[in-house]
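Student: Data file model-v2.cif (mmCIF, C-alpha atoms and all ligand atoms; chains and numbers go by the auth columns) is appended below.
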data_run
loop_
_atom_site.group_PDB
_atom_site.id
_atom_site.type_symbol
_atom_site.label_atom_id
_atom_site.label_comp_id
_atom_site.label_asym_id
_atom_site.label_seq_id
_atom_site.Cartn_x
_atom_site.Cartn_y
_atom_site.Cartn_z
_atom_site.B_iso_or_equiv
_atom_site.auth_seq_id
_atom_site.auth_asym_id
ATOM 1 C CA MET A 1 18.481 8.193 -9.126 0.00 359 A
ATOM 2 C CA ARG A 2 17.636 11.906 -9.329 0.00 360 A
ATOM 3 C CA SER A 3 14.164 12.808 -10.580 0.00 361 A
ATOM 4 C CA SER A 4 13.967 15.250 -13.492 0.00 362 A
ATOM 5 C CA ARG A 5 10.346 16.012 -12.538 0.00 363 A
ATOM 6 C CA GLN A 6 9.624 19.432 -11.054 0.00 364 A
ATOM 7 C CA LEU A 7 9.650 19.046 -7.242 0.00 365 A
ATOM 8 C CA VAL A 8 7.084 21.169 -5.393 0.00 366 A
ATOM 9 C CA THR A 9 7.948 21.646 -1.736 0.00 367 A
ATOM 10 C CA GLU A 10 4.962 23.770 -0.643 0.00 368 A
ATOM 11 C CA PRO A 11 2.870 23.403 1.455 0.00 369 A
ATOM 12 C CA ILE A 12 4.746 20.568 3.221 0.00 370 A
ATOM 13 C CA GLY A 13 8.290 21.929 3.127 0.00 371 A
ATOM 14 C CA LEU A 14 8.823 24.846 5.509 0.00 372 A
ATOM 15 C CA ASP A 15 11.371 27.630 5.495 0.00 373 A
ATOM 16 C CA VAL A 16 13.067 26.834 8.768 0.00 374 A
ATOM 17 C CA GLU A 17 14.315 30.357 9.373 0.00 375 A
ATOM 18 C CA ALA A 18 10.736 31.692 9.195 0.00 376 A
ATOM 19 C CA LEU A 19 9.598 29.433 12.055 0.00 377 A
ATOM 20 C CA PRO A 20 9.051 30.679 15.631 0.00 378 A
ATOM 21 C CA ARG A 21 11.444 29.509 18.334 0.00 379 A
ATOM 22 C CA PRO A 22 10.107 27.341 19.787 0.00 380 A
ATOM 23 C CA ILE A 23 7.566 26.080 17.273 0.00 381 A
ATOM 24 C CA VAL A 24 4.037 25.871 18.686 0.00 382 A
ATOM 25 C CA TRP A 25 2.826 22.572 17.241 0.00 383 A
ATOM 26 C CA ARG A 26 -0.849 23.529 17.509 0.00 384 A
ATOM 27 C CA ASP A 27 -0.207 26.629 15.384 0.00 385 A
ATOM 28 C CA LEU A 28 1.803 24.671 12.842 0.00 386 A
ATOM 29 C CA PHE A 29 -0.596 21.751 12.404 0.00 387 A
ATOM 30 C CA GLY A 30 -3.883 23.345 13.467 0.00 388 A
ATOM 31 C CA ASN A 31 -4.634 20.637 16.042 0.00 389 A
ATOM 32 C CA ASP A 32 -3.365 19.101 19.288 0.00 390 A
ATOM 33 C CA HIS A 33 -2.445 15.692 17.892 0.00 391 A
ATOM 34 C CA PRO A 34 0.815 14.147 19.101 0.00 392 A
ATOM 35 C CA VAL A 35 3.933 15.061 17.124 0.00 393 A
ATOM 36 C CA GLU A 36 6.558 12.584 15.923 0.00 394 A
ATOM 37 C CA ILE A 37 9.854 13.643 14.344 0.00 395 A
ATOM 38 C CA GLU A 38 11.890 11.707 11.814 0.00 396 A
ATOM 39 C CA ILE A 39 15.524 12.749 11.560 0.00 397 A
ATOM 40 C CA GLY A 40 17.258 12.169 8.227 0.00 398 A
ATOM 41 C CA MET A 41 14.147 11.155 6.281 0.00 399 A
ATOM 42 C CA GLY A 42 15.972 10.709 2.955 0.00 400 A
ATOM 43 C CA LYS A 43 13.325 10.110 0.259 0.00 401 A
ATOM 44 C CA GLY A 44 10.562 10.072 2.874 0.00 402 A
ATOM 45 C CA THR A 45 9.310 6.484 2.512 0.00 403 A
ATOM 46 C CA PHE A 46 8.723 6.041 6.250 0.00 404 A
ATOM 47 C CA LEU A 47 7.070 9.445 6.641 0.00 405 A
ATOM 48 C CA VAL A 48 4.684 8.956 3.718 0.00 406 A
ATOM 49 C CA GLU A 49 3.536 5.549 4.947 0.00 407 A
ATOM 50 C CA GLN A 50 3.151 6.715 8.547 0.00 408 A
ATOM 51 C CA ALA A 51 1.406 9.983 7.689 0.00 409 A
ATOM 52 C CA LYS A 52 -1.039 8.201 5.392 0.00 410 A
ATOM 53 C CA GLY A 53 -1.765 5.427 7.897 0.00 411 A
ATOM 54 C CA ARG A 54 -1.879 7.475 11.113 0.00 412 A
ATOM 55 C CA THR A 55 -3.868 10.588 10.396 0.00 413 A
ATOM 56 C CA GLU A 56 -4.365 11.353 14.123 0.00 414 A
ATOM 57 C CA THR A 57 -0.620 11.980 14.488 0.00 415 A
ATOM 58 C CA ASN A 58 1.429 14.892 13.146 0.00 416 A
ATOM 59 C CA PHE A 59 4.815 14.166 11.568 0.00 417 A
ATOM 60 C CA LEU A 60 7.812 16.402 11.058 0.00 418 A
ATOM 61 C CA GLY A 61 10.727 15.320 8.862 0.00 419 A
ATOM 62 C CA VAL A 62 14.166 16.875 9.308 0.00 420 A
ATOM 63 C CA GLU A 63 16.691 16.489 6.501 0.00 421 A
ATOM 64 C CA TYR A 64 19.749 18.557 5.697 0.00 422 A
ATOM 65 C CA ALA A 65 20.388 17.406 2.123 0.00 423 A
ATOM 66 C CA ARG A 66 18.519 19.827 -0.138 0.00 424 A
ATOM 67 C CA TRP A 67 17.564 17.354 -2.868 0.00 425 A
ATOM 68 C CA PHE A 68 16.235 14.741 -0.406 0.00 426 A
ATOM 69 C CA TRP A 69 14.295 17.420 1.468 0.00 427 A
ATOM 70 C CA ARG A 70 12.736 18.619 -1.795 0.00 428 A
ATOM 71 C CA TYR A 71 12.014 15.088 -2.991 0.00 429 A
ATOM 72 C CA ALA A 72 10.375 13.976 0.290 0.00 430 A
ATOM 73 C CA SER A 73 8.336 17.199 0.595 0.00 431 A
ATOM 74 C CA ASP A 74 7.007 16.793 -2.940 0.00 432 A
ATOM 75 C CA ARG A 75 6.238 13.117 -2.337 0.00 433 A
ATOM 76 C CA LEU A 76 4.313 13.904 0.864 0.00 434 A
ATOM 77 C CA ARG A 77 2.347 16.567 -1.026 0.00 435 A
ATOM 78 C CA ARG A 78 1.531 14.178 -3.890 0.00 436 A
ATOM 79 C CA ASN A 79 0.275 11.669 -1.297 0.00 437 A
ATOM 80 C CA ALA A 80 -1.893 14.325 0.396 0.00 438 A
ATOM 81 C CA CYS A 81 -0.031 13.899 3.693 0.00 439 A
ATOM 82 C CA PHE A 82 -1.197 17.188 5.174 0.00 440 A
ATOM 83 C CA ASN A 83 -0.487 15.939 8.706 0.00 441 A
ATOM 84 C CA ALA A 84 3.225 16.112 7.764 0.00 442 A
ATOM 85 C CA ARG A 85 5.707 18.960 7.443 0.00 443 A
ATOM 86 C CA THR A 86 9.400 18.989 6.632 0.00 444 A
ATOM 87 C CA VAL A 87 12.328 21.265 7.313 0.00 445 A
ATOM 88 C CA ARG A 88 15.681 21.446 5.619 0.00 446 A
ATOM 89 C CA ALA A 89 17.948 21.751 8.628 0.00 447 A
ATOM 90 C CA GLU A 90 20.763 20.114 10.552 0.00 448 A
ATOM 91 C CA ALA A 91 19.063 17.999 13.215 0.00 449 A
ATOM 92 C CA SER A 92 21.045 19.131 16.307 0.00 450 A
ATOM 93 C CA TYR A 93 20.561 22.783 15.397 0.00 451 A
ATOM 94 C CA PHE A 94 16.893 22.229 14.653 0.00 452 A
ATOM 95 C CA LEU A 95 16.074 20.476 17.943 0.00 453 A
ATOM 96 C CA HIS A 96 18.095 22.961 19.955 0.00 454 A
ATOM 97 C CA GLU A 97 16.629 26.076 18.365 0.00 455 A
ATOM 98 C CA PHE A 98 13.073 25.168 17.447 0.00 456 A
ATOM 99 C CA VAL A 99 11.686 22.326 19.559 0.00 457 A
ATOM 100 C CA ALA A 100 10.201 22.996 22.995 0.00 458 A
ATOM 101 C CA ASP A 101 10.904 20.830 26.038 0.00 459 A
ATOM 102 C CA ALA A 102 8.743 17.708 26.413 0.00 460 A
ATOM 103 C CA SER A 103 6.717 18.420 23.261 0.00 461 A
ATOM 104 C CA VAL A 104 7.375 15.388 21.036 0.00 462 A
ATOM 105 C CA SER A 105 5.874 11.916 21.424 0.00 463 A
ATOM 106 C CA ALA A 106 8.411 9.979 19.318 0.00 464 A
ATOM 107 C CA ILE A 107 11.706 10.417 17.477 0.00 465 A
ATOM 108 C CA HIS A 108 12.631 8.121 14.587 0.00 466 A
ATOM 109 C CA LEU A 109 16.210 7.801 13.357 0.00 467 A
ATOM 110 C CA TYR A 110 16.613 5.229 10.625 0.00 468 A
ATOM 111 C CA PHE A 111 19.998 4.497 9.119 0.00 469 A
ATOM 112 C CA PRO A 112 21.879 7.546 10.419 0.00 470 A
ATOM 113 C CA ASP A 113 25.100 8.148 8.471 0.00 471 A
ATOM 114 C CA PRO A 114 27.645 5.802 10.124 0.00 472 A
ATOM 115 C CA TRP A 115 30.868 7.670 9.238 0.00 473 A
ATOM 116 C CA PRO A 116 32.804 4.369 9.248 0.00 474 A
ATOM 117 C CA LYS A 117 36.356 5.779 9.243 0.00 475 A
ATOM 118 C CA LYS A 118 37.702 6.214 12.765 0.00 476 A
ATOM 119 C CA ARG A 119 38.879 9.756 12.100 0.00 477 A
ATOM 120 C CA HIS A 120 35.286 10.632 11.090 0.00 478 A
ATOM 121 C CA HIS A 121 33.550 9.158 14.150 0.00 479 A
ATOM 122 C CA LYS A 122 33.295 12.620 15.666 0.00 480 A
ATOM 123 C CA ARG A 123 30.825 13.484 12.877 0.00 481 A
ATOM 124 C CA ARG A 124 28.353 10.825 14.022 0.00 482 A
ATOM 125 C CA LEU A 125 25.072 12.369 15.072 0.00 483 A
ATOM 126 C CA ILE A 126 24.231 10.103 18.000 0.00 484 A
ATOM 127 C CA GLN A 127 26.596 11.375 20.658 0.00 485 A
ATOM 128 C CA GLU A 128 26.034 12.719 24.151 0.00 486 A
ATOM 129 C CA PRO A 129 24.978 16.331 23.285 0.00 487 A
ATOM 130 C CA PHE A 130 22.460 15.176 20.685 0.00 488 A
ATOM 131 C CA VAL A 131 21.076 12.469 22.978 0.00 489 A
ATOM 132 C CA ALA A 132 20.584 15.154 25.649 0.00 490 A
ATOM 133 C CA GLU A 133 18.608 17.241 23.120 0.00 491 A
ATOM 134 C CA MET A 134 16.437 14.269 22.143 0.00 492 A
ATOM 135 C CA CYS A 135 15.803 13.536 25.806 0.00 493 A
ATOM 136 C CA ARG A 136 14.844 17.163 26.447 0.00 494 A
ATOM 137 C CA VAL A 137 12.281 17.357 23.630 0.00 495 A
ATOM 138 C CA LEU A 138 10.631 13.981 24.285 0.00 496 A
ATOM 139 C CA GLN A 139 7.535 13.944 26.432 0.00 497 A
ATOM 140 C CA PRO A 140 7.483 11.628 29.459 0.00 498 A
ATOM 141 C CA ARG A 141 6.902 8.128 28.000 0.00 499 A
ATOM 142 C CA GLY A 142 7.997 9.487 24.620 0.00 500 A
ATOM 143 C CA ARG A 143 9.809 6.942 22.477 0.00 501 A
ATOM 144 C CA LEU A 144 13.065 6.916 20.509 0.00 502 A
ATOM 145 C CA GLN A 145 13.505 4.344 17.727 0.00 503 A
ATOM 146 C CA ILE A 146 16.754 3.738 15.839 0.00 504 A
ATOM 147 C CA ALA A 147 17.828 1.257 13.160 0.00 505 A
ATOM 148 C CA THR A 148 21.274 0.899 11.609 0.00 506 A
ATOM 149 C CA ASP A 149 23.240 -1.614 9.547 0.00 507 A
ATOM 150 C CA HIS A 150 26.525 -0.577 11.166 0.00 508 A
ATOM 151 C CA GLU A 151 27.568 -2.730 14.125 0.00 509 A
ATOM 152 C CA ASP A 152 30.259 -0.420 15.481 0.00 510 A
ATOM 153 C CA TYR A 153 27.921 2.591 15.403 0.00 511 A
ATOM 154 C CA PHE A 154 25.228 0.456 17.019 0.00 512 A
ATOM 155 C CA HIS A 155 27.533 -0.312 19.976 0.00 513 A
ATOM 156 C CA GLN A 156 28.316 3.387 20.322 0.00 514 A
ATOM 157 C CA ILE A 157 24.573 4.125 20.245 0.00 515 A
ATOM 158 C CA GLU A 158 23.944 1.533 22.969 0.00 516 A
ATOM 159 C CA GLN A 159 26.717 2.998 25.119 0.00 517 A
ATOM 160 C CA VAL A 160 25.740 6.632 24.826 0.00 518 A
ATOM 161 C CA LEU A 161 22.075 5.865 25.420 0.00 519 A
ATOM 162 C CA ALA A 162 22.843 3.643 28.415 0.00 520 A
ATOM 163 C CA ALA A 163 24.443 6.704 30.023 0.00 521 A
ATOM 164 C CA SER A 164 21.324 8.836 29.345 0.00 522 A
ATOM 165 C CA PRO A 165 18.098 9.098 31.362 0.00 523 A
ATOM 166 C CA LEU A 166 16.218 7.181 28.644 0.00 524 A
ATOM 167 C CA GLU A 167 15.223 3.612 29.502 0.00 525 A
ATOM 168 C CA ARG A 168 15.838 0.880 26.970 0.00 526 A
ATOM 169 C CA ALA A 169 12.662 -0.630 25.524 0.00 527 A
ATOM 170 C CA GLN A 170 11.589 -3.212 22.990 0.00 528 A
ATOM 171 C CA TYR A 171 12.011 -1.978 19.407 0.00 529 A
ATOM 172 C CA GLN A 172 8.641 -1.945 17.623 0.00 530 A
ATOM 173 C CA PRO A 173 8.653 -2.182 13.823 0.00 531 A
ATOM 174 C CA PRO A 174 6.172 0.399 12.523 0.00 532 A
ATOM 175 C CA GLY A 175 2.943 -0.922 11.036 0.00 533 A
ATOM 176 C CA SER A 176 4.087 0.286 7.615 0.00 534 A
ATOM 177 C CA ALA A 177 7.129 -2.066 7.620 0.00 535 A
ATOM 178 C CA GLY A 178 6.845 -4.980 5.209 0.00 536 A
ATOM 179 C CA GLN A 179 7.105 -8.636 6.278 0.00 537 A
ATOM 180 C CA GLY A 180 10.452 -9.197 8.018 0.00 538 A
ATOM 181 C CA GLU A 181 11.463 -5.528 7.730 0.00 539 A
ATOM 182 C CA MET A 182 12.755 -3.398 10.616 0.00 540 A
ATOM 183 C CA VAL A 183 11.216 -0.191 9.301 0.00 541 A
ATOM 184 C CA GLY A 184 10.977 -0.364 5.525 0.00 542 A
ATOM 185 C CA THR A 185 12.976 2.679 4.417 0.00 543 A
ATOM 186 C CA ASN A 186 14.858 2.981 1.117 0.00 544 A
ATOM 187 C CA PHE A 187 18.173 2.329 2.825 0.00 545 A
ATOM 188 C CA GLU A 188 16.890 -0.763 4.591 0.00 546 A
ATOM 189 C CA ARG A 189 15.604 -2.164 1.286 0.00 547 A
ATOM 190 C CA LYS A 190 18.880 -1.388 -0.471 0.00 548 A
ATOM 191 C CA TYR A 191 20.993 -2.881 2.327 0.00 549 A
ATOM 192 C CA ARG A 192 18.774 -5.963 2.578 0.00 550 A
ATOM 193 C CA LEU A 193 19.541 -6.774 -1.056 0.00 551 A
ATOM 194 C CA GLN A 194 23.236 -6.565 -0.120 0.00 552 A
ATOM 195 C CA GLY A 195 22.667 -9.054 2.737 0.00 553 A
ATOM 196 C CA ARG A 196 23.725 -6.623 5.458 0.00 554 A
ATOM 197 C CA PRO A 197 22.778 -7.252 9.119 0.00 555 A
ATOM 198 C CA PHE A 198 20.448 -4.873 10.941 0.00 556 A
ATOM 199 C CA PHE A 199 20.550 -3.567 14.498 0.00 557 A
ATOM 200 C CA THR A 200 17.695 -1.819 16.243 0.00 558 A
ATOM 201 C CA PHE A 201 17.405 0.201 19.418 0.00 559 A
ATOM 202 C CA ALA A 202 14.458 1.703 21.264 0.00 560 A
ATOM 203 C CA ALA A 203 14.203 3.714 24.458 0.00 561 A
ATOM 204 C CA VAL A 204 11.514 5.527 26.399 0.00 562 A
ATOM 205 C CA LYS A 205 11.729 8.668 28.493 0.00 563 A
ATOM 206 C CA PRO A 206 10.715 7.799 32.052 0.00 564 A
ATOM 207 C CA ALA A 207 7.685 9.520 33.531 0.00 565 A
ATOM 208 C CA PRO A 208 8.487 11.778 36.518 0.00 566 A
ATOM 209 C CA GLU A 209 8.024 10.250 39.963 0.00 567 A
ATOM 210 C CA PRO A 210 4.655 11.197 41.514 0.00 568 A
ATOM 211 C CA PRO A 211 5.007 13.546 44.520 0.00 569 A
ATOM 212 C CA SER A 212 5.374 11.769 47.852 0.00 570 A
ATOM 213 C CA PHE A 213 3.132 12.978 50.721 0.00 571 A
ATOM 214 C CA SER A 214 4.602 10.882 53.525 0.00 572 A
HETATM 215 C C1 LIG B . 21.766 6.909 5.229 0.00 601 A
HETATM 216 S S1 LIG B . 20.519 8.084 4.862 0.00 601 A
HETATM 217 C C2 LIG B . 19.026 7.296 5.468 0.00 601 A
HETATM 218 C C3 LIG B . 17.782 7.893 4.860 0.00 601 A
HETATM 219 C C4 LIG B . 16.458 7.240 5.347 0.00 601 A
HETATM 220 N N1 LIG B . 16.288 7.415 6.773 0.00 601 A
HETATM 221 C C5 LIG B . 16.419 5.780 4.988 0.00 601 A
HETATM 222 O O1 LIG B . 16.556 4.943 5.896 0.00 601 A
HETATM 223 O O2 LIG B . 16.251 5.480 3.786 0.00 601 A
HETATM 224 C C6 LIG B . 20.803 9.303 6.129 0.00 601 A
HETATM 225 C C7 LIG B . 20.027 10.584 5.861 0.00 601 A
HETATM 226 O O3 LIG B . 20.166 11.441 6.975 0.00 601 A
HETATM 227 C C8 LIG B . 20.479 12.757 6.539 0.00 601 A
HETATM 228 N N2 LIG B . 21.246 13.353 7.648 0.00 601 A
HETATM 229 C C9 LIG B . 22.428 12.898 8.115 0.00 601 A
HETATM 230 N N3 LIG B . 22.851 13.649 9.156 0.00 601 A
HETATM 231 C C10 LIG B . 21.904 14.610 9.337 0.00 601 A
HETATM 232 C C11 LIG B . 21.773 15.701 10.245 0.00 601 A
HETATM 233 N N4 LIG B . 22.709 15.938 11.157 0.00 601 A
HETATM 234 N N5 LIG B . 20.682 16.483 10.164 0.00 601 A
HETATM 235 C C12 LIG B . 19.734 16.241 9.224 0.00 601 A
HETATM 236 N N6 LIG B . 19.811 15.230 8.324 0.00 601 A
HETATM 237 C C13 LIG B . 20.859 14.418 8.379 0.00 601 A
HETATM 238 C C14 LIG B . 21.252 12.536 5.256 0.00 601 A
HETATM 239 O O4 LIG B . 21.230 13.672 4.404 0.00 601 A
HETATM 240 C C15 LIG B . 20.527 11.338 4.646 0.00 601 A
HETATM 241 O O5 LIG B . 19.427 11.715 3.855 0.00 601 A
#
Can you dump the structure from the file as structure tokens?
Ligand SMILES: C[S@@+](CC[C@H](N)C(=O)[O-])C[C@H]1O[C@@H](n2cnc3c(N)ncnc32)[C@H](O)[C@@H]1O
Tutor:
Amino acid sequence: MRSSRQLVTEPIGLDVEALPRPIVWRDLFGNDHPVEIEIGMGKGTFLVEQAKGRTETNFLGVEYARWFWRYASDRLRRNACFNARTVRAEASYFLHEFVADASVSAIHLYFPDPWPKKRHHKRRLIQEPFVAEMCRVLQPRGRLQIATDHEDYFHQIEQVLAASPLERAQYQPPGSAGQGEMVGTNFERKYRLQGRPFFTFAAVKPAPEPPSFS
């Protein structure tokens, strides 16, 4: 349902093309708190709950659909989530162009578009080049969390991530998830009413080996 209310994107929503490459998180947020990125934030339910509940962490939402970006930015502003920012951008482009190596403590990807038709699978976001970008921007011990309702996409996600340097880990539902929820986004709540199954995946970037002096 589209809101007819005036949506105000400032000061949360950023003009991506005005940002430095790479972004210096300290300059953007005015502090050195860890930075977590949500890709495809939709209406921003996860980001609002996380930003409100974890004020010692900075959050950046990436969303390429203009209306969702505007809606989520306005919602974050109305909830005084000033530890959050959003960009309207395609996620692969954004990570590649704007995010420095080893600068992000977590990436959240909840209900990525599954592109169910076989001829559309090439449009799926979670493929080898994008996984390499996520791996590059995560800090050592940085975490990736994914949830989907689509079993075939989930198997592809498992396969492509198994071939990456990330190490599989236990999925941790965020504290803002409701009882029995995986994450508590709009799509999860909608799909739950439809009785769909859920699949979750988590992985951690390994810390570099300490130097050997022998
Ligand atoms: C199925 S919705 C899920 C929204 C939200 N995460 C949730 O669980 O309610 C997927 C969202 O990801 C966005 N999206 C899909 N591919 C994207 C990409 N490559 N870059 C940025 N946003 C993307 C879509 O516009 C949409 O808002």
Student: List all protein, DNA and RNA residues that have any atom at most 9 Å from ligand LIG 601 (chain A), counting all atoms listed in the file, and write the list as an NGL selection string.
Tutor: :A and (396-404 or 420-427 or 446-452 or 466-472 or 481-483 or 505-506 or 541-548)
Student: Please indicate the distance in Å from CA of Val457 in chain A to CA of Pro474 in chain A, rounded to one decimal place.
Tutor: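 So the two atoms, CA of Val457 in chain A and CA of Pro474 in chain A, lie 29.6 Å apart.
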Student: Let me make sure I understand: among A:Tyr511, A:Val462, A:Pro498, A:Gln537, which one has the smallest atom-to-atom distance to Glu567 in chain A if we use all atoms listed in the file?
Tutor: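 So, comparing all the options, the nearest one is A:Pro498.
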Student: Measure the distance from CA of Pro392 in chain A to CA of Gln497 in chain A in Å and round it to one decimal.
Tutor: 9.9 Å
Student: Pick the closest to Ala460 in chain A from A:Leu418, A:Ala535, A:Leu551, A:Ala565: which is it, counting all atoms listed in the file?
Tutor: A:Ala565
Student: Using the chain letters and numbers from the file, which residues does the PyMOL selection byres (((chain A and resi 561) around 6) and not hetatm) grab, as a list in words?
Tutor: Arg501, Leu502, Leu524, Glu525, Arg526, Ala527, Ala560 and Val562 of chain A
Student: Run the PyMOL selection byres (((chain A and resi 454) around 10) and not hetatm) mentally over the shown coordinates, then write out the matched residues as a CSV table (one decimal) with C-alpha atoms, in the frame of the given file, using the chain letters and numbers from the document.
Tutor:
chain,number,residue,atom,x,y,z
A,379,ARG,CA,11.4,29.5,18.3
A,380,PRO,CA,10.1,27.3,19.8
A,449,ALA,CA,19.1,18.0,13.2
A,450,SER,CA,21.0,19.1,16.3
A,451,TYR,CA,20.6,22.8,15.4
A,452,PHE,CA,16.9,22.2,14.7
A,453,LEU,CA,16.1,20.5,17.9
A,455,GLU,CA,16.6,26.1,18.4
A,456,PHE,CA,13.1,25.2,17.4
A,457,VAL,CA,11.7,22.3,19.6
A,458,ALA,CA,10.2,23.0,23.0
A,459,ASP,CA,10.9,20.8,26.0
A,488,PHE,CA,22.5,15.2,20.7
A,490,ALA,CA,20.6,15.2,25.6
A,491,GLU,CA,18.6,17.2,23.1
A,492,MET,CA,16.4,14.3,22.1
A,494,ARG,CA,14.8,17.2,26.4
A,495,VAL,CA,12.3,17.4,23.6
Student: Could you list as a PyMOL selection string every residue that has an atom within 8 Å of (-1.1, 9.5, 5.5), using the file's coordinates and counting all atoms listed in the file?
Tutor: chain A and resi 406-413+437-441
Student: Name the residues in contact with Cys493 in chain A at a cut-off of 8 Å, using all atoms listed in the file, excluding same-chain residues fewer than 4 positions from it; report them as a CSV table (one decimal) with C-alpha atoms, in the coordinates of the input.
Tutor:
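Generated file (out.csv):
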chain,number,residue,atom,x,y,z
A,489,VAL,CA,21.1,12.5,23.0
A,523,PRO,CA,18.1,9.1,31.4
A,524,LEU,CA,16.2,7.2,28.6
A,563,LYS,CA,11.7,8.7,28.5
Student: Restricting the calculation to all atoms listed in the file, which member of A:Ile484, A:Val366, A:Leu386, A:Leu405 is positioned closest to Ser522 in chain A?
Tutor: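 Going through A:Ile484, A:Val366, A:Leu386, A:Leu405 one by one, the smallest distance to Ser522 in chain A is for A:Ile484.
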Student: How many Å lie between CA of Asp385 in chain A and CA of Pro487 in chain A, rounded to one decimal?
Tutor: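 Result for CA of Asp385 in chain A versus CA of Pro487 in chain A: 28.3 Å, one decimal.
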Student: From the set A:Leu365, A:Leu377, A:Ile504, A:Ile515, which residue has the shortest atom-to-atom contact distance to Tyr529 in chain A, counting all atoms listed in the file?
Tutor: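 Nearest candidate to Tyr529 in chain A out of A:Leu365, A:Leu377, A:Ile504, A:Ile515: A:Ile504.
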Student: So, with only C-alpha atoms as the atoms that count, which of A:Val518, A:Val382, A:Val393, A:Ile370 lies closest to Arg435 in chain A?
Tutor: A:Ile370
Student: Name the closest residue to Glu414 in chain A among the candidates A:Phe387, A:Gln485, A:Ile381, A:Glu516; distances are taken between atoms, counting only C-alpha atoms.
Tutor: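 Using only C-alpha atoms, Glu414 in chain A sits closest to A:Phe387.
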Student: Give, as AutoDock Vina command-line options, the centre coordinates and the x, y and z edge lengths in Å to one decimal for an axis-aligned box around all listed atoms of range 462-473 of chain A, padded by 5 Å on each side.
Tutor:
--center_x 18.4 --center_y 9.9 --center_z 14.9 --size_x 35.0 --size_y 20.9 --size_z 23.0
Student: When you look at Glu509 in chain A with a cut-off of 10 Å (counting all atoms listed in the file), what residues show up, excluding the ones that are within fewer than 4 positions of it in the same chain? I need them as a list in words.
Tutor: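 Those residues are Pro472, His513, Gln514, Ile515, Pro555, Phe556 and Phe557 of chain A.
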Student: For Thr367 in chain A, please output as a list of chain:residue names all residues within 8 Å (counting only C-alpha atoms; exclusion window: fewer than 2 positions along the same chain).
Tutor: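 Here the answer would be A:Leu365, A:Pro369, A:Ile370, A:Gly371, A:Leu372, A:Arg428, A:Tyr429, A:Ser431, A:Asp432, A:Arg435.
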Student: Please produce a file of the residues just selected, as a compact mmCIF listing (two decimals), in the coordinates of the input, where the atoms kept are C-alpha atoms.
Tutor:
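What ended up in result08.txt:
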# COMPACT_ATOMS: atom_id res chain seq x y z
CA LEU A 365 9.65 19.05 -7.24
CA PRO A 369 2.87 23.40 1.46
CA ILE A 370 4.75 20.57 3.22
CA GLY A 371 8.29 21.93 3.13
CA LEU A 372 8.82 24.85 5.51
CA ARG A 428 12.74 18.62 -1.80
CA TYR A 429 12.01 15.09 -2.99
CA SER A 431 8.34 17.20 0.60
CA ASP A 432 7.01 16.79 -2.94
CA ARG A 435 2.35 16.57 -1.03
Student: Mind filling out range 404-415 of chain A with N, CA and C atoms and sending it as a short mmCIF file (atom, residue, chain, number, x, y, z; two decimals), in the frame of the given file?
Tutor:
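What ended up in part14.cif:
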data_model
loop_
_atom_site.label_atom_id
_atom_site.label_comp_id
_atom_site.auth_asym_id
_atom_site.auth_seq_id
_atom_site.Cartn_x
_atom_site.Cartn_y
_atom_site.Cartn_z
N PHE A 404 9.33 6.28 4.93
CA PHE A 404 8.72 6.04 6.25
C PHE A 404 7.66 7.10 6.54
N LEU A 405 8.01 8.36 6.31
CA LEU A 405 7.07 9.44 6.64
C LEU A 405 5.78 9.33 5.83
N VAL A 406 5.88 9.05 4.56
CA VAL A 406 4.68 8.96 3.72
C VAL A 406 3.78 7.84 4.24
N GLU A 407 4.36 6.68 4.49
CA GLU A 407 3.54 5.55 4.95
C GLU A 407 2.90 5.84 6.31
N GLN A 408 3.67 6.42 7.21
CA GLN A 408 3.15 6.72 8.55
C GLN A 408 2.08 7.80 8.49
N ALA A 409 2.36 8.86 7.74
CA ALA A 409 1.41 9.98 7.69
C ALA A 409 0.09 9.54 7.04
N LYS A 410 0.19 8.69 6.04
CA LYS A 410 -1.04 8.20 5.39
C LYS A 410 -1.83 7.29 6.32
N GLY A 411 -1.10 6.45 7.08
CA GLY A 411 -1.76 5.43 7.90
C GLY A 411 -2.18 5.90 9.27
N ARG A 412 -1.61 7.02 9.74
CA ARG A 412 -1.88 7.48 11.11
C ARG A 412 -2.25 8.96 11.06
N THR A 413 -3.46 9.20 10.64
CA THR A 413 -3.87 10.59 10.40
C THR A 413 -4.12 11.37 11.69
N GLU A 414 -4.17 10.67 12.83
CA GLU A 414 -4.36 11.35 14.12
C GLU A 414 -3.03 11.75 14.76
N THR A 415 -1.95 11.58 14.01
CA THR A 415 -0.62 11.98 14.49
C THR A 415 -0.03 12.96 13.49
#
